[in-house]
file start.pdb (PDB, C-alpha atoms)
MODEL        1
ATOM      1  CA  MET A   1     -20.059  -6.303 -40.954
ATOM      2  CA  THR A   2     -17.794  -8.689 -39.143
ATOM      3  CA  LEU A   3     -15.851 -11.312 -41.037
ATOM      4  CA  PHE A   4     -17.810 -14.145 -39.424
ATOM      5  CA  ARG A   5     -21.161 -12.706 -40.465
ATOM      6  CA  PHE A   6     -19.845 -12.033 -43.975
ATOM      7  CA  ILE A   7     -18.694 -15.633 -44.396
ATOM      8  CA  LEU A   8     -21.933 -17.035 -42.941
ATOM      9  CA  ALA A   9     -24.034 -14.887 -45.276
ATOM     10  CA  LEU A  10     -21.832 -15.837 -48.220
ATOM     11  CA  VAL A  11     -22.218 -19.561 -47.507
ATOM     12  CA  LEU A  12     -26.000 -19.259 -47.095
ATOM     13  CA  ALA A  13     -26.478 -17.133 -50.223
ATOM     14  CA  GLY A  14     -24.095 -19.262 -52.278
ATOM     15  CA  GLY A  15     -25.910 -22.439 -51.304
ATOM     16  CA  GLY A  16     -29.259 -20.827 -52.086
ATOM     17  CA  CYS A  17     -28.128 -19.669 -55.517
ATOM     18  CA  LEU A  18     -26.695 -23.097 -56.335
ATOM     19  CA  PHE A  19     -29.980 -24.747 -55.359
ATOM     20  CA  MET A  20     -31.817 -22.284 -57.598
ATOM     21  CA  LEU A  21     -29.472 -23.116 -60.469
ATOM     22  CA  LEU A  22     -30.125 -26.810 -59.796
ATOM     23  CA  ALA A  23     -33.871 -26.155 -60.078
ATOM     24  CA  GLY A  24     -33.334 -24.467 -63.437
ATOM     25  CA  VAL A  25     -31.173 -27.297 -64.763
ATOM     26  CA  GLY A  26     -33.725 -29.884 -63.602
ATOM     27  CA  LEU A  27     -36.488 -27.918 -65.264
ATOM     28  CA  VAL A  28     -34.703 -28.062 -68.603
ATOM     29  CA  ARG A  29     -33.375 -31.610 -68.415
ATOM     30  CA  MET A  30     -36.278 -33.632 -66.964
ATOM     31  CA  PRO A  31     -38.603 -35.544 -69.311
ATOM     32  CA  ASP A  32     -42.159 -34.774 -68.108
ATOM     33  CA  VAL A  33     -44.077 -32.357 -65.938
ATOM     34  CA  LEU A  34     -44.120 -34.377 -62.714
ATOM     35  CA  THR A  35     -40.370 -35.016 -62.744
ATOM     36  CA  ARG A  36     -39.774 -31.365 -63.589
ATOM     37  CA  MET A  37     -41.784 -30.376 -60.536
ATOM     38  CA  HIS A  38     -39.882 -32.922 -58.480
ATOM     39  CA  ALA A  39     -36.650 -31.215 -59.475
ATOM     40  CA  SER A  40     -37.809 -27.627 -59.311
ATOM     41  CA  SER A  41     -40.342 -26.997 -56.555
ATOM     42  CA  LYS A  42     -38.274 -28.189 -53.591
ATOM     43  CA  ALA A  43     -34.933 -26.852 -54.824
ATOM     44  CA  ALA A  44     -36.354 -23.450 -55.772
ATOM     45  CA  THR A  45     -38.118 -23.054 -52.418
ATOM     46  CA  LEU A  46     -35.035 -24.003 -50.413
ATOM     47  CA  GLY A  47     -32.892 -21.763 -52.594
ATOM     48  CA  ALA A  48     -35.066 -18.696 -52.103
ATOM     49  CA  ALA A  49     -35.397 -19.351 -48.355
ATOM     50  CA  LEU A  50     -31.611 -19.707 -47.993
ATOM     51  CA  VAL A  51     -30.952 -16.463 -49.873
ATOM     52  CA  VAL A  52     -33.477 -14.601 -47.711
ATOM     53  CA  ALA A  53     -31.834 -16.019 -44.577
ATOM     54  CA  ALA A  54     -28.482 -14.815 -45.887
ATOM     55  CA  VAL A  55     -29.972 -11.335 -46.304
ATOM     56  CA  ALA A  56     -31.085 -11.389 -42.665
ATOM     57  CA  VAL A  57     -27.571 -12.356 -41.577
ATOM     58  CA  ALA A  58     -25.939  -9.739 -43.806
ATOM     59  CA  MET A  59     -28.168  -6.808 -42.778
ATOM     60  CA  TRP A  60     -28.284  -7.845 -39.086
ATOM     61  CA  ASP A  61     -31.323  -5.809 -38.069
ATOM     62  CA  TRP A  62     -34.533  -6.801 -36.297
ATOM     63  CA  ALA A  63     -36.925  -5.291 -38.856
ATOM     64  CA  ILE A  64     -35.084  -7.024 -41.700
ATOM     65  CA  ALA A  65     -34.904 -10.321 -39.814
ATOM     66  CA  LEU A  66     -38.658 -10.237 -39.176
ATOM     67  CA  ARG A  67     -39.384  -9.666 -42.846
ATOM     68  CA  ALA A  68     -36.932 -12.389 -43.828
ATOM     69  CA  VAL A  69     -38.616 -14.855 -41.469
ATOM     70  CA  LEU A  70     -42.020 -13.899 -42.897
ATOM     71  CA  VAL A  71     -40.884 -14.331 -46.500
ATOM     72  CA  SER A  72     -39.229 -17.705 -45.929
ATOM     73  CA  LEU A  73     -42.133 -18.961 -43.788
ATOM     74  CA  PHE A  74     -44.572 -17.947 -46.515
ATOM     75  CA  LEU A  75     -42.449 -19.680 -49.165
ATOM     76  CA  LEU A  76     -42.197 -22.864 -47.108
ATOM     77  CA  ILE A  77     -45.964 -22.933 -46.482
ATOM     78  CA  THR A  78     -47.168 -22.123 -49.994
ATOM     79  CA  ALA A  79     -44.704 -24.128 -52.106
ATOM     80  CA  PRO A  80     -46.165 -27.579 -51.234
ATOM     81  CA  VAL A  81     -49.714 -26.278 -51.720
ATOM     82  CA  ALA A  82     -48.929 -24.840 -55.142
ATOM     83  CA  ALA A  83     -46.986 -27.941 -56.177
ATOM     84  CA  HIS A  84     -49.833 -30.230 -55.110
ATOM     85  CA  ALA A  85     -52.432 -28.121 -56.915
ATOM     86  CA  ILE A  86     -50.544 -27.987 -60.184
ATOM     87  CA  ALA A  87     -49.546 -31.666 -60.077
ATOM     88  CA  ARG A  88     -53.144 -32.734 -59.477
ATOM     89  CA  ALA A  89     -54.419 -30.440 -62.216
ATOM     90  CA  SER A  90     -51.835 -31.692 -64.698
ATOM     91  CA  TYR A  91     -52.667 -35.347 -63.963
ATOM     92  CA  LEU A  92     -56.393 -34.718 -64.269
ATOM     93  CA  ALA A  93     -55.895 -32.763 -67.487
ATOM     94  CA  GLY A  94     -54.235 -35.861 -68.944
ATOM     95  CA  VAL A  95     -50.736 -34.522 -69.473
ATOM     96  CA  PRO A  96     -48.774 -37.514 -70.791
ATOM     97  CA  LEU A  97     -46.213 -39.066 -68.453
ATOM     98  CA  ALA A  98     -42.646 -39.811 -69.547
ATOM     99  CA  GLU A  99     -42.015 -42.953 -71.567
ATOM    100  CA  GLU A 100     -39.760 -44.268 -68.787
ATOM    101  CA  THR A 101     -42.641 -44.271 -66.247
ATOM    102  CA  VAL A 102     -42.717 -47.654 -64.491
ATOM    103  CA  MET A 103     -46.143 -47.572 -62.859
ATOM    104  CA  ASP A 104     -49.232 -45.371 -62.566
ATOM    105  CA  GLU A 105     -51.446 -46.629 -59.773
ATOM    106  CA  LEU A 106     -54.291 -44.233 -60.600
ATOM    107  CA  ALA A 107     -54.550 -45.288 -64.245
ATOM    108  CA  GLY A 108     -58.032 -46.630 -64.927
ATOM    109  CA  ARG A 109     -59.081 -46.425 -61.303
ATOM    110  CA  TYR A 110     -59.748 -42.701 -61.019
ATOM    111  CA  ASP A 111     -63.074 -41.182 -62.049
ATOM    112  CA  PRO A 112     -62.349 -37.598 -63.143
ATOM    113  CA  ALA A 113     -66.030 -36.628 -62.943
ATOM    114  CA  SER A 114     -66.648 -37.506 -59.291
ATOM    115  CA  HIS A 115     -63.004 -37.442 -58.079
ATOM    116  CA  GLU A 116     -63.431 -40.868 -56.487
ATOM    117  CA  LEU A 117     -61.356 -44.009 -56.682
ATOM    118  CA  SER A 118     -63.389 -46.761 -58.298
ATOM    119  CA  GLY A 119     -60.665 -49.295 -57.814
ATOM    120  CA  THR A 120     -60.714 -52.987 -58.469
ATOM    121  CA  GLY A 121     -57.702 -53.667 -56.302
ATOM    122  CA  SER A 122     -57.776 -53.247 -52.524
ATOM    123  CA  GLY A 123     -55.396 -50.612 -51.336
ATOM    124  CA  SER A 124     -51.961 -50.248 -52.808
ATOM    125  CA  THR A 125     -50.626 -52.560 -55.438
ATOM    126  CA  GLY A 126     -46.949 -53.178 -55.782
ATOM    127  CA  PRO A 127     -44.993 -52.849 -59.008
ATOM    128  CA  THR A 128     -45.505 -56.407 -60.175
TER     129      THR A 128
ATOM    130  CA  MET B   1     -14.862  -5.649 -46.928
ATOM    131  CA  THR B   2     -17.266  -3.649 -49.065
ATOM    132  CA  PRO B   3     -15.685  -4.412 -52.459
ATOM    133  CA  ALA B   4     -15.758  -8.100 -51.513
ATOM    134  CA  LEU B   5     -19.439  -7.775 -50.661
ATOM    135  CA  VAL B   6     -20.207  -6.102 -53.990
ATOM    136  CA  LEU B   7     -18.257  -8.709 -55.959
ATOM    137  CA  ALA B   8     -19.936 -11.608 -54.132
ATOM    138  CA  GLY B   9     -23.363 -10.047 -54.649
ATOM    139  CA  GLN B  10     -22.766  -9.615 -58.361
ATOM    140  CA  VAL B  11     -21.541 -13.197 -58.805
ATOM    141  CA  LEU B  12     -24.584 -14.532 -56.927
ATOM    142  CA  LEU B  13     -26.912 -12.342 -58.992
ATOM    143  CA  ALA B  14     -25.316 -13.759 -62.143
ATOM    144  CA  ILE B  15     -25.948 -17.328 -60.925
ATOM    145  CA  LEU B  16     -29.573 -16.457 -60.187
ATOM    146  CA  ALA B  17     -29.927 -14.858 -63.615
ATOM    147  CA  LEU B  18     -28.621 -18.066 -65.208
ATOM    148  CA  ALA B  19     -31.198 -20.085 -63.263
ATOM    149  CA  MET B  20     -33.908 -17.665 -64.384
ATOM    150  CA  VAL B  21     -32.839 -18.029 -68.017
ATOM    151  CA  LEU B  22     -32.976 -21.845 -67.749
ATOM    152  CA  ALA B  23     -36.481 -21.632 -66.291
ATOM    153  CA  ALA B  24     -37.477 -19.177 -69.015
ATOM    154  CA  VAL B  25     -36.321 -21.698 -71.636
ATOM    155  CA  ARG B  26     -38.819 -24.168 -70.206
ATOM    156  CA  LEU B  27     -41.400 -21.388 -69.956
ATOM    157  CA  GLY B  28     -41.133 -20.795 -73.677
ATOM    158  CA  ARG B  29     -40.652 -24.379 -74.834
ATOM    159  CA  GLY B  30     -42.789 -26.341 -72.342
ATOM    160  CA  PRO B  31     -45.160 -28.509 -74.358
ATOM    161  CA  THR B  32     -48.129 -28.185 -71.976
ATOM    162  CA  LEU B  33     -49.638 -25.506 -69.767
ATOM    163  CA  PRO B  34     -48.596 -27.141 -66.440
ATOM    164  CA  ASP B  35     -44.980 -27.163 -67.661
ATOM    165  CA  ARG B  36     -45.160 -23.426 -68.191
ATOM    166  CA  VAL B  37     -46.742 -22.874 -64.782
ATOM    167  CA  VAL B  38     -43.987 -24.850 -63.040
ATOM    168  CA  ALA B  39     -41.364 -22.874 -64.964
ATOM    169  CA  PHE B  40     -43.081 -19.619 -64.021
ATOM    170  CA  ASP B  41     -42.924 -20.678 -60.384
ATOM    171  CA  VAL B  42     -39.160 -21.082 -60.631
ATOM    172  CA  VAL B  43     -38.814 -17.723 -62.406
ATOM    173  CA  ALA B  44     -40.768 -16.086 -59.596
ATOM    174  CA  ALA B  45     -38.682 -17.815 -56.903
ATOM    175  CA  ALA B  46     -35.509 -16.633 -58.619
ATOM    176  CA  GLY B  47     -37.028 -13.144 -58.698
ATOM    177  CA  VAL B  48     -37.665 -13.309 -54.960
ATOM    178  CA  ALA B  49     -34.057 -14.302 -54.321
ATOM    179  CA  MET B  50     -32.797 -11.570 -56.679
ATOM    180  CA  ALA B  51     -34.850  -8.890 -54.931
ATOM    181  CA  ALA B  52     -33.529 -10.025 -51.549
ATOM    182  CA  LEU B  53     -29.926  -9.981 -52.782
ATOM    183  CA  ALA B  54     -30.428  -6.531 -54.307
ATOM    184  CA  ALA B  55     -31.698  -5.329 -50.915
ATOM    185  CA  VAL B  56     -28.266  -6.115 -49.462
ATOM    186  CA  LEU B  57     -26.294  -4.933 -52.468
ATOM    187  CA  TRP B  58     -27.991  -1.527 -52.672
ATOM    188  CA  GLN B  59     -28.690  -1.208 -48.929
ATOM    189  CA  ALA B  60     -32.421  -0.819 -49.717
ATOM    190  CA  PRO B  61     -34.521  -2.843 -47.238
ATOM    191  CA  VAL B  62     -37.692  -1.861 -49.150
ATOM    192  CA  LEU B  63     -36.778  -4.516 -51.712
ATOM    193  CA  LEU B  64     -37.592  -7.191 -49.125
ATOM    194  CA  ASP B  65     -41.222  -6.061 -49.318
ATOM    195  CA  VAL B  66     -40.959  -6.453 -53.094
ATOM    196  CA  ALA B  67     -39.766 -10.032 -52.546
ATOM    197  CA  MET B  68     -42.711 -10.746 -50.246
ATOM    198  CA  VAL B  69     -45.299  -9.400 -52.704
ATOM    199  CA  LEU B  70     -43.647 -11.300 -55.564
ATOM    200  CA  ALA B  71     -43.927 -14.561 -53.592
ATOM    201  CA  VAL B  72     -47.612 -13.921 -52.831
ATOM    202  CA  ILE B  73     -48.443 -13.126 -56.463
ATOM    203  CA  ALA B  74     -46.597 -16.208 -57.755
ATOM    204  CA  PHE B  75     -48.509 -18.456 -55.359
ATOM    205  CA  ILE B  76     -51.882 -16.941 -56.306
ATOM    206  CA  GLY B  77     -51.087 -17.256 -60.006
ATOM    207  CA  THR B  78     -50.103 -20.911 -59.706
ATOM    208  CA  VAL B  79     -53.207 -21.848 -57.736
ATOM    209  CA  ALA B  80     -55.439 -19.887 -60.122
ATOM    210  CA  VAL B  81     -54.100 -21.739 -63.167
ATOM    211  CA  ALA B  82     -54.432 -25.068 -61.342
ATOM    212  CA  ARG B  83     -58.072 -24.349 -60.546
ATOM    213  CA  TYR B  84     -58.665 -23.321 -64.139
ATOM    214  CA  LEU B  85     -57.191 -26.571 -65.459
ATOM    215  CA  GLU B  86     -59.245 -28.684 -63.047
ATOM    216  CA  GLY B  87     -62.417 -26.760 -63.874
ATOM    217  CA  LYS B  88     -61.895 -27.505 -67.544
ATOM    218  CA  VAL B  89     -61.681 -31.238 -66.747
ATOM    219  CA  ARG B  90     -64.663 -31.385 -64.404
ATOM    220  CA  ARG B  91     -67.278 -30.431 -67.004
TER     221      ARG B  91
ENDMDL
END

call {"tool": "encode", "arguments": {"input": "start.pdb", "output": "structure tokens"}}
result
Amino acid sequence: MTLFRFILALVLAGGGCLFMLLAGVGLVRMPDVLTRMHASSKAATLGAALVVAAVAVAMWDWAIALRAVLVSLFLLITAPVAAHAIARASYLAGVPLAEETVMDELAGRYDPASHELSGTGSGSTGPT
Amino acid sequence: MTPALVLAGQVLLAILALAMVLAAVRLGRGPTLPDRVVAFDVVAAAGVAMAALAAVLWQAPVLLDVAMVLAVIAFIGTVAVARYLEGKVRR
């Protein structure tokens, strides 16, 4: 392994691991489920993708690089889907929001039985 | 170069283990089910990264397949629990 590839892999893997650590810290420190997801889902996905890219650089082989691309592509495609599904489910299940929440535009306007907005207001309402 | 590689790999694995422990704290403590699912997602992502790092450290490319399967299973588990939660609401 050349020195340049070693340093590149080290930077990629180090950044990925730090992002993963950041996701863990956010998961412990944040006050409610939506903010925890905000901290964790993006950082964890980027962290894992960076580490896998570092593996591709470190091994420097076509078969490995193909698998690394597949893994990181799969992570980048599925992470938003999973985050959306679990956020929607947690809101519909009535998980309480943090006390510091400023506004909840769906409150009182969302019919959980039919999944339709039965809003009084027209379109978006600002935080007034 | 090889001792440097081994040392760097072990330090990075330790950082990932710390992240996994933090997520596991939330997994055990999380007051609601969605909290636990989000924490499990982070544990699985850290597992993916650990498997990939171990593939370099032990020169075992098979572990990349382990990482891929782990990512697939984590995604399916998350979506399954989300569907279950929504199904409970819809009735």

call {"tool": "interface_residues", "arguments": {"input": "start.pdb", "of": "chain B", "to": "chain A", "cutoff": "6 Å", "atoms": "all atoms listed in the file", "output": "PyMOL selection string"}}
result
chain B and resi 16+19+22-23+26+34-35+49+52+68+79+82+85-86+90

call {"tool": "closest_residue", "arguments": {"input": "start.pdb", "among": "B:Ala39, B:Val56, B:Leu63, B:Val48", "to": "Val6 of chain B", "atoms": "only C-alpha atoms"}}
result
B:Val56

call {"tool": "residues_around", "arguments": {"input": "start.pdb", "residues": "Ala8 of chain B", "least_positions_apart": "4", "cutoff": "10 Å", "atoms": "only C-alpha atoms", "output": "tab-separated table (two decimals) with C-alpha atoms, keeping the file's coordinate frame"}}
result
chain	number	residue	atom	x	y	z
A	10	LEU	CA	-21.83	-15.84	-48.22
A	13	ALA	CA	-26.48	-17.13	-50.22
A	14	GLY	CA	-24.10	-19.26	-52.28
B	2	THR	CA	-17.27	-3.65	-49.06
B	3	PRO	CA	-15.68	-4.41	-52.46
B	4	ALA	CA	-15.76	-8.10	-51.51
B	12	LEU	CA	-24.58	-14.53	-56.93
B	13	LEU	CA	-26.91	-12.34	-58.99
B	14	ALA	CA	-25.32	-13.76	-62.14
B	57	LEU	CA	-26.29	-4.93	-52.47

call {"tool": "atom_distance", "arguments": {"input": "start.pdb", "atom1": "atom CA of Asp41 of chain B", "atom2": "atom CA of Asp61 of chain A"}}
result
29.2 Å

call {"tool": "closest_residue", "arguments": {"input": "start.pdb", "among": "A:Ala9, A:Lys42, A:Trp62, A:Met30", "to": "Val42 of chain B", "atoms": "only C-alpha atoms"}}
result
A:Lys42

call {"tool": "atom_distance", "arguments": {"input": "start.pdb", "atom1": "atom CA of Gly9 of chain B", "atom2": "atom CA of Ala54 of chain B"}}
result
7.9 Å

call {"tool": "atom_distance", "arguments": {"input": "start.pdb", "atom1": "atom CA of Leu73 of chain A", "atom2": "atom CA of Leu33 of chain B"}}
result
27.8 Å

call {"tool": "residues_around", "arguments": {"input": "start.pdb", "residues": "Gly47 of chain B", "least_positions_apart": "5", "cutoff": "8 Å", "atoms": "all atoms listed in the file", "output": "MDAnalysis selection string"}}
result
chainID B and resid 20 67 70

call {"tool": "decode", "arguments": {"input": "start.pdb", "residues": "segment 38-61 of chain B", "atoms": "N, CA and C atoms", "output": "PDB file, in the first residue's frame"}}
result
ATOM      1  N   VAL B  38     -34.687   3.585  16.349  1.00  0.00           N
ATOM      2  CA  VAL B  38     -33.663   4.495  15.840  1.00  0.00           C
ATOM      3  C   VAL B  38     -32.293   4.102  16.384  1.00  0.00           C
ATOM      4  N   ALA B  39     -32.245   3.764  17.680  1.00  0.00           N
ATOM      5  CA  ALA B  39     -30.976   3.354  18.281  1.00  0.00           C
ATOM      6  C   ALA B  39     -30.465   2.068  17.637  1.00  0.00           C
ATOM      7  N   PHE B  40     -31.397   1.140  17.360  1.00  0.00           N
ATOM      8  CA  PHE B  40     -30.983  -0.109  16.717  1.00  0.00           C
ATOM      9  C   PHE B  40     -30.402   0.155  15.337  1.00  0.00           C
ATOM     10  N   ASP B  41     -30.968   1.134  14.644  1.00  0.00           N
ATOM     11  CA  ASP B  41     -30.448   1.505  13.328  1.00  0.00           C
ATOM     12  C   ASP B  41     -28.994   1.951  13.426  1.00  0.00           C
ATOM     13  N   VAL B  42     -28.705   2.763  14.455  1.00  0.00           N
ATOM     14  CA  VAL B  42     -27.324   3.234  14.609  1.00  0.00           C
ATOM     15  C   VAL B  42     -26.404   2.078  14.992  1.00  0.00           C
ATOM     16  N   VAL B  43     -26.885   1.176  15.857  1.00  0.00           N
ATOM     17  CA  VAL B  43     -26.070   0.006  16.209  1.00  0.00           C
ATOM     18  C   VAL B  43     -25.744  -0.800  14.959  1.00  0.00           C
ATOM     19  N   ALA B  44     -26.751  -0.982  14.093  1.00  0.00           N
ATOM     20  CA  ALA B  44     -26.514  -1.764  12.882  1.00  0.00           C
ATOM     21  C   ALA B  44     -25.549  -1.050  11.942  1.00  0.00           C
ATOM     22  N   ALA B  45     -25.671   0.288  11.830  1.00  0.00           N
ATOM     23  CA  ALA B  45     -24.749   1.027  10.962  1.00  0.00           C
ATOM     24  C   ALA B  45     -23.326   0.922  11.495  1.00  0.00           C
ATOM     25  N   ALA B  46     -23.178   1.016  12.819  1.00  0.00           N
ATOM     26  CA  ALA B  46     -21.844   0.849  13.401  1.00  0.00           C
ATOM     27  C   ALA B  46     -21.330  -0.565  13.147  1.00  0.00           C
ATOM     28  N   GLY B  47     -22.225  -1.549  13.165  1.00  0.00           N
ATOM     29  CA  GLY B  47     -21.811  -2.918  12.858  1.00  0.00           C
ATOM     30  C   GLY B  47     -21.331  -3.060  11.427  1.00  0.00           C
ATOM     31  N   VAL B  48     -22.030  -2.387  10.504  1.00  0.00           N
ATOM     32  CA  VAL B  48     -21.600  -2.401   9.104  1.00  0.00           C
ATOM     33  C   VAL B  48     -20.199  -1.836   8.970  1.00  0.00           C
ATOM     34  N   ALA B  49     -19.970  -0.676   9.616  1.00  0.00           N
ATOM     35  CA  ALA B  49     -18.651  -0.049   9.526  1.00  0.00           C
ATOM     36  C   ALA B  49     -17.586  -0.929  10.167  1.00  0.00           C
ATOM     37  N   MET B  50     -17.936  -1.582  11.304  1.00  0.00           N
ATOM     38  CA  MET B  50     -16.968  -2.458  11.971  1.00  0.00           C
ATOM     39  C   MET B  50     -16.603  -3.645  11.099  1.00  0.00           C
ATOM     40  N   ALA B  51     -17.607  -4.248  10.446  1.00  0.00           N
ATOM     41  CA  ALA B  51     -17.323  -5.390   9.576  1.00  0.00           C
ATOM     42  C   ALA B  51     -16.419  -4.970   8.426  1.00  0.00           C
ATOM     43  N   ALA B  52     -16.671  -3.785   7.864  1.00  0.00           N
ATOM     44  CA  ALA B  52     -15.841  -3.315   6.751  1.00  0.00           C
ATOM     45  C   ALA B  52     -14.407  -3.073   7.209  1.00  0.00           C
ATOM     46  N   LEU B  53     -14.259  -2.453   8.391  1.00  0.00           N
ATOM     47  CA  LEU B  53     -12.904  -2.215   8.910  1.00  0.00           C
ATOM     48  C   LEU B  53     -12.186  -3.532   9.192  1.00  0.00           C
ATOM     49  N   ALA B  54     -12.916  -4.504   9.739  1.00  0.00           N
ATOM     50  CA  ALA B  54     -12.310  -5.801  10.034  1.00  0.00           C
ATOM     51  C   ALA B  54     -11.875  -6.490   8.748  1.00  0.00           C
ATOM     52  N   ALA B  55     -12.586  -6.236   7.636  1.00  0.00           N
ATOM     53  CA  ALA B  55     -12.190  -6.825   6.360  1.00  0.00           C
ATOM     54  C   ALA B  55     -10.793  -6.365   5.968  1.00  0.00           C
ATOM     55  N   VAL B  56     -10.483  -5.087   6.242  1.00  0.00           N
ATOM     56  CA  VAL B  56      -9.130  -4.596   5.940  1.00  0.00           C
ATOM     57  C   VAL B  56      -8.135  -5.139   6.944  1.00  0.00           C
ATOM     58  N   LEU B  57      -8.524  -5.100   8.214  1.00  0.00           N
ATOM     59  CA  LEU B  57      -7.583  -5.428   9.292  1.00  0.00           C
ATOM     60  C   LEU B  57      -7.157  -6.891   9.223  1.00  0.00           C
ATOM     61  N   TRP B  58      -8.076  -7.773   8.887  1.00  0.00           N
ATOM     62  CA  TRP B  58      -7.771  -9.206   8.826  1.00  0.00           C
ATOM     63  C   TRP B  58      -7.548  -9.684   7.405  1.00  0.00           C
ATOM     64  N   GLN B  59      -7.566  -8.776   6.428  1.00  0.00           N
ATOM     65  CA  GLN B  59      -7.419  -9.153   5.022  1.00  0.00           C
ATOM     66  C   GLN B  59      -8.418 -10.230   4.627  1.00  0.00           C
ATOM     67  N   ALA B  60      -9.701 -10.038   5.019  1.00  0.00           N
ATOM     68  CA  ALA B  60     -10.754 -11.023   4.745  1.00  0.00           C
ATOM     69  C   ALA B  60     -11.898 -10.320   4.003  1.00  0.00           C
ATOM     70  N   PRO B  61     -11.840 -10.290   2.672  1.00  0.00           N
ATOM     71  CA  PRO B  61     -12.871  -9.554   1.914  1.00  0.00           C
ATOM     72  C   PRO B  61     -14.279 -10.113   2.102  1.00  0.00           C
TER      73      PRO B  61
END
